[in-house]
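*Asks:* I'm passing along model-v3.pdb; it holds PDB, C-alpha atoms.
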```
ATOM      1  CA  MET G 193      -1.316   7.748  18.098
ATOM      2  CA  THR G 194       0.378   4.742  19.515
ATOM      3  CA  GLN G 195       1.646   2.051  17.207
ATOM      4  CA  PRO G 196       0.860  -1.645  17.598
ATOM      5  CA  ALA G 197       3.375  -3.543  19.748
ATOM      6  CA  ASP G 198       4.566  -5.545  16.725
ATOM      7  CA  PRO G 199       4.416  -3.532  13.482
ATOM      8  CA  ASN G 200       5.373  -6.655  11.489
ATOM      9  CA  ARG G 201       2.317  -8.600  12.692
ATOM     10  CA  PRO G 202      -0.102  -7.145  10.112
ATOM     11  CA  MET G 203       2.281  -7.952   7.248
ATOM     12  CA  ARG G 204       2.611 -11.529   8.526
ATOM     13  CA  PHE G 205      -1.189 -11.751   8.433
ATOM     14  CA  ALA G 206      -1.169 -10.323   4.899
ATOM     15  CA  LEU G 207       1.371 -12.975   3.870
ATOM     16  CA  ASP G 208      -0.919 -15.654   5.359
ATOM     17  CA  GLU G 209      -3.756 -14.276   3.247
ATOM     18  CA  ALA G 210      -1.531 -14.258   0.149
ATOM     19  CA  ALA G 211      -0.618 -17.906   0.770
ATOM     20  CA  ALA G 212      -4.326 -18.749   1.029
ATOM     21  CA  ALA G 213      -4.895 -17.005  -2.295
ATOM     22  CA  ALA G 214      -2.144 -19.057  -3.952
ATOM     23  CA  GLU G 215      -3.609 -22.253  -2.533
ATOM     24  CA  ALA G 216      -6.958 -21.289  -4.079
ATOM     25  CA  GLY G 217      -5.341 -20.630  -7.469
ATOM     26  CA  GLU G 218      -5.524 -16.860  -7.134
ATOM     27  CA  VAL G 219      -2.622 -14.448  -7.634
ATOM     28  CA  PRO G 220      -1.105 -14.451  -4.132
ATOM     29  CA  VAL G 221      -1.894 -11.022  -2.788
ATOM     30  CA  GLY G 222      -3.092 -10.545   0.764
ATOM     31  CA  ALA G 223      -4.263  -7.461   2.635
ATOM     32  CA  VAL G 224      -4.925  -6.587   6.264
ATOM     33  CA  LEU G 225      -6.592  -3.411   7.513
ATOM     34  CA  VAL G 226      -5.615  -2.317  11.007
ATOM     35  CA  GLU G 227      -6.856   0.382  13.365
ATOM     36  CA  ALA G 228      -3.662   2.387  13.826
ATOM     37  CA  ALA G 229      -4.196   3.465  17.433
ATOM     38  CA  THR G 230      -4.844  -0.011  18.815
ATOM     39  CA  GLY G 231      -3.420  -2.410  16.246
ATOM     40  CA  ALA G 232      -6.804  -4.135  16.084
ATOM     41  CA  VAL G 233      -7.352  -6.003  12.828
ATOM     42  CA  LEU G 234     -10.545  -4.753  11.194
ATOM     43  CA  ALA G 235     -10.375  -6.903   8.063
ATOM     44  CA  ARG G 236      -8.291  -9.506   6.274
ATOM     45  CA  ALA G 237      -8.646 -10.534   2.646
ATOM     46  CA  HIS G 238      -6.912 -12.081  -0.331
ATOM     47  CA  ASN G 239      -7.487 -11.914  -4.060
ATOM     48  CA  ARG G 240     -10.716 -13.617  -5.152
ATOM     49  CA  VAL G 241     -10.844 -12.578  -8.808
ATOM     50  CA  GLU G 242     -11.023 -16.135 -10.173
ATOM     51  CA  ALA G 243     -13.368 -17.448  -7.478
ATOM     52  CA  THR G 244     -15.875 -14.638  -7.960
ATOM     53  CA  GLY G 245     -15.389 -13.929 -11.663
ATOM     54  CA  ASP G 246     -15.012 -10.299 -10.611
ATOM     55  CA  PRO G 247     -11.970  -8.377 -11.882
ATOM     56  CA  THR G 248     -12.349  -5.926  -8.988
ATOM     57  CA  ALA G 249     -12.075  -8.608  -6.278
ATOM     58  CA  HIS G 250      -8.554  -7.532  -5.317
ATOM     59  CA  ALA G 251      -7.390  -8.113  -1.751
ATOM     60  CA  GLU G 252      -7.228  -4.382  -1.017
ATOM     61  CA  LEU G 253     -10.790  -3.686  -2.173
ATOM     62  CA  LEU G 254     -12.176  -6.667  -0.279
ATOM     63  CA  ALA G 255     -10.394  -5.584   2.913
ATOM     64  CA  ILE G 256     -11.641  -2.006   2.534
ATOM     65  CA  ARG G 257     -15.213  -3.228   1.971
ATOM     66  CA  ARG G 258     -15.067  -5.456   5.049
ATOM     67  CA  ALA G 259     -13.531  -2.753   7.232
ATOM     68  CA  THR G 260     -16.051  -0.080   6.227
ATOM     69  CA  ALA G 261     -18.840  -2.548   6.986
ATOM     70  CA  ALA G 262     -17.265  -3.236  10.394
ATOM     71  CA  VAL G 263     -16.979   0.451  11.321
ATOM     72  CA  GLY G 264     -20.265   1.441   9.709
ATOM     73  CA  GLY G 265     -18.920   4.230   7.534
ATOM     74  CA  THR G 266     -17.001   5.047   4.379
ATOM     75  CA  ARG G 267     -13.953   6.651   5.978
ATOM     76  CA  LEU G 268     -11.036   4.741   7.479
ATOM     77  CA  ALA G 269      -8.919   7.754   8.435
ATOM     78  CA  GLY G 270      -7.385   6.149  11.502
ATOM     79  CA  CYS G 271      -6.476   2.951   9.714
ATOM     80  CA  ASP G 272      -3.484   1.417   7.988
ATOM     81  CA  LEU G 273      -3.571  -1.034   5.099
ATOM     82  CA  TYR G 274      -0.876  -3.703   4.811
ATOM     83  CA  VAL G 275      -0.702  -5.456   1.448
ATOM     84  CA  THR G 276       1.843  -7.855   0.006
ATOM     85  CA  LEU G 277       2.081  -6.176  -3.416
ATOM     86  CA  GLU G 278       2.136  -2.537  -4.489
ATOM     87  CA  PRO G 279      -1.511  -1.683  -5.230
ATOM     88  CA  CYS G 280      -2.697  -1.169  -8.792
ATOM     89  CA  ALA G 281      -4.255   2.134  -9.856
ATOM     90  CA  MET G 282      -7.785   0.893  -9.107
ATOM     91  CA  CYS G 283      -6.857  -0.095  -5.550
ATOM     92  CA  ALA G 284      -4.847   3.094  -5.006
ATOM     93  CA  GLY G 285      -7.941   5.076  -5.967
ATOM     94  CA  ALA G 286     -10.021   3.153  -3.432
ATOM     95  CA  ILE G 287      -7.352   3.711  -0.762
ATOM     96  CA  ALA G 288      -7.566   7.463  -1.383
ATOM     97  CA  LEU G 289     -11.372   7.435  -1.304
ATOM     98  CA  ALA G 290     -11.379   5.519   1.991
ATOM     99  CA  ARG G 291      -9.009   8.151   3.424
ATOM    100  CA  LEU G 292      -6.618   5.547   4.831
ATOM    101  CA  ARG G 293      -3.918   6.950   7.073
ATOM    102  CA  ARG G 294      -1.086   4.763   5.832
ATOM    103  CA  LEU G 295      -0.403   2.211   3.092
ATOM    104  CA  VAL G 296       2.304  -0.363   3.798
ATOM    105  CA  PHE G 297       3.178  -2.748   0.985
ATOM    106  CA  GLY G 298       5.695  -5.515   0.421
ATOM    107  CA  ALA G 299       6.800  -6.165  -3.147
ATOM    108  CA  TYR G 300       7.080  -3.377  -5.687
ATOM    109  CA  ASP G 301       5.189  -3.893  -8.953
ATOM    110  CA  PRO G 302       6.919  -2.090 -11.843
ATOM    111  CA  LYS G 303       4.478  -3.623 -14.352
ATOM    112  CA  GLY G 304       1.093  -3.134 -12.680
ATOM    113  CA  GLY G 305       1.642  -0.934  -9.648
ATOM    114  CA  GLY G 306      -0.200   2.349  -9.354
ATOM    115  CA  VAL G 307       1.573   3.922  -6.372
ATOM    116  CA  GLU G 308       5.332   4.004  -6.995
ATOM    117  CA  HIS G 309       4.986   2.927 -10.636
ATOM    118  CA  GLY G 310       2.557   3.444 -13.506
ATOM    119  CA  ALA G 311      -0.242   5.898 -12.760
ATOM    120  CA  ARG G 312       1.241   7.057  -9.427
ATOM    121  CA  VAL G 313      -2.278   7.830  -8.274
ATOM    122  CA  PHE G 314      -1.357   9.672  -5.078
ATOM    123  CA  GLU G 315       0.826  12.149  -6.997
ATOM    124  CA  ARG G 316      -2.018  13.317  -9.263
ATOM    125  CA  PRO G 317      -3.465  16.767  -8.561
ATOM    126  CA  THR G 318      -6.942  15.212  -8.728
ATOM    127  CA  CYS G 319      -6.167  12.881  -5.822
ATOM    128  CA  HIS G 320      -7.924  14.381  -2.803
ATOM    129  CA  HIS G 321      -6.204  12.251  -0.166
ATOM    130  CA  ARG G 322      -2.637  11.003  -0.013
ATOM    131  CA  PRO G 323      -1.859   8.405   2.631
ATOM    132  CA  GLU G 324       1.596   7.940   4.031
ATOM    133  CA  VAL G 325       3.226   5.230   1.890
ATOM    134  CA  VAL G 326       5.817   2.733   3.091
ATOM    135  CA  GLY G 327       7.029   0.252   0.485
ATOM    136  CA  GLY G 328       9.341  -2.738   0.624
ATOM    137  CA  VAL G 329       8.202  -4.147   3.986
ATOM    138  CA  ALA G 330       8.927  -7.906   4.018
ATOM    139  CA  GLU G 331       9.663  -7.430   0.337
ATOM    140  CA  THR G 332      11.735 -10.608  -0.044
ATOM    141  CA  ALA G 333       9.017 -12.855   1.389
ATOM    142  CA  CYS G 334       6.259 -11.133  -0.589
ATOM    143  CA  ARG G 335       8.189 -11.309  -3.857
ATOM    144  CA  ALA G 336       9.197 -14.957  -3.271
ATOM    145  CA  LEU G 337       5.557 -15.982  -2.863
ATOM    146  CA  LEU G 338       4.593 -14.280  -6.125
ATOM    147  CA  GLN G 339       7.571 -15.697  -8.023
ATOM    148  CA  ALA G 340       6.893 -19.241  -6.812
ATOM    149  CA  PHE G 341       3.237 -18.946  -7.826
ATOM    150  CA  PHE G 342       4.031 -17.794 -11.358
ATOM    151  CA  ARG G 343       6.940 -20.224 -11.776
ATOM    152  CA  GLU G 344       4.570 -23.090 -10.942
ATOM    153  CA  ARG G 345       1.954 -21.797 -13.397
ATOM    154  CA  ARG G 346       4.460 -21.496 -16.234
ATOM    155  CA  GLY G 347       5.831 -24.983 -15.613
TER     156      GLY G 347
END
```
What do you get writing this file as structure tokens?
*Replies:*
Amino acid sequence: MTQPADPNRPMRFALDEAAAAAEAGEVPVGAVLVEAATGAVLARAHNRVEATGDPTAHAELLAIRRATAAVGGTRLAGCDLYVTLEPCAMCAGAIALARLRRLVFGAYDPKGGGVEHGARVFERPTCHHRPEVVGGVAETACRALLQAFFRERRG
């Protein structure tokens, strides 16, 4: 499979989504789902937990839902997910179920992450699909956005 001409483009889009989340008063996490072979963006999303009153309205889940609707199926095997924060266990489970090819994330989340920290969902013997995982992409920018958001909230 060929890679998109600019592999940083999807993470820049994810950062734009995260900034939109912060502006809306949501935890600034953004996600972009890309068709790996072409680099075509299938879906973009940011956290909408507060806006929807739905604790499952994480950026990753919203992007997966939009992408599966766009392709008309439940499998996204030829797709890569770019997200600004290490996914939680719930989102990691959804990533496995969607059969994503690759997960690329920005900031590590030692407290709530479910990929490199915490539950380590993809390492469990009950996990039927393990995507390639690349962490720390644009980590400084992703972490700075989160830190600024929480610093402002704490006053």
*Asks:* Written as a ChimeraX atom specification, which residues does the PyMOL selection byres ((chain G and resi 330-347) around 6) give for the file shown?
*Replies:* /G:276,298-299,328-329
*Asks:* Please write the residues picked by the PyMOL selection byres ((chain G and resi 236) around 7) on this file as a PyMOL selection string.
*Replies:* chain G and resi 223-225+235+237+255
*Asks:* Run the PyMOL selection byres ((chain G and resi 279) around 6) mentally over the shown coordinates, then write out the matched residues as a list of chain:residue names, using the chain letters and numbers from the document.
*Replies:*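 Checked against the file, the PyMOL selection byres ((chain G and resi 279) around 6) matches G:Glu278, G:Cys280, G:Cys283, G:Ala284, G:Gly305, G:Gly306.
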*Asks:* Which of these residues is nearest to Leu268 (chain G), using all atoms listed in the file: G:His309, G:Lys303, G:His238, G:Arg293?
*Replies:*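 Between G:His309, G:Lys303, G:His238, G:Arg293, the residue approaching Leu268 (chain G) most closely is G:Arg293.
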*Asks:* Between CA of Val221 (chain G) and CA of Arg316 (chain G), measure the distance and give it in Å to one decimal.
*Replies:*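 Rounded to one decimal, the two atoms are 25.2 Å apart.
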*Asks:* Which centre and which edge lengths, in Å to one decimal, describe the axis-aligned box that holds all listed atoms of region 259-276 of chain G after 4 Å is added on each side, as AutoDock Vina command-line options?
*Replies:*
```
--center_x -9.2 --center_y -0.1 --center_z 5.8 --size_x 30.1 --size_y 23.6 --size_z 19.5
```
*Asks:* Hey, which of G:Ala269, G:Leu253, G:Arg294, G:Ala259 ends up closest to Met282 (chain G)? Count all atoms listed in the file.
*Replies:*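 Checking each of G:Ala269, G:Leu253, G:Arg294, G:Ala259 against Met282 (chain G), counting all atoms listed in the file, the winner is G:Leu253.
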*Asks:* Looking at G:Thr260, G:Ile287, G:Phe297, G:Ala243, which one is nearest to Ala206 (chain G), with distances taken over all atoms listed in the file?
*Replies:*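 Smallest distance to Ala206 (chain G) is found for G:Phe297.
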*Asks:* Have a look at CA of Pro247 (chain G) and CA of Glu215 (chain G) and let me know their distance in Å, one decimal.
*Replies:* 18.7 Å
*Asks:* Need the shell around His320 (chain G): protein/DNA/RNA residues with any atom at most 10 Å away, counting only C-alpha atoms. Skip same-chain ones fewer than 4 positions apart. Format as a list in words?
*Replies:*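 So the residues in contact are Gly285, Ala288, Leu289, Arg291, Phe314, Glu315 and Arg316 of chain G.
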*Asks:* Nearest residue to Ala228 (chain G) out of G:Leu273, G:Ala249, G:Met203, G:Ala216, using all atoms listed in the file?
*Replies:*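 Of G:Leu273, G:Ala249, G:Met203, G:Ala216, the one nearest Ala228 (chain G) is G:Leu273, counting all atoms listed in the file.
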*Asks:* Rounded to one decimal in Å, what is the spacing between CA of Val326 (chain G) and CA of Leu295 (chain G)?
*Replies:*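 Computing the Euclidean distance for CA of Val326 (chain G) and CA of Leu295 (chain G) yields 6.2 Å.
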*Asks:* My list of candidates is G:Cys271, G:Ala290, G:Leu254, G:Val325. Which is closest to Val233 (chain G) when distances are computed with only C-alpha atoms?
*Replies:* G:Cys271
*Asks:* Which polymer residues have any atom within 9 Å of an atom of Phe205 (chain G), counting only C-alpha atoms, with same-chain residues fewer than 3 positions away left out, as an NGL selection string?
*Replies:* :G and (200-202 or 208-210 or 222-224 or 236 or 274)
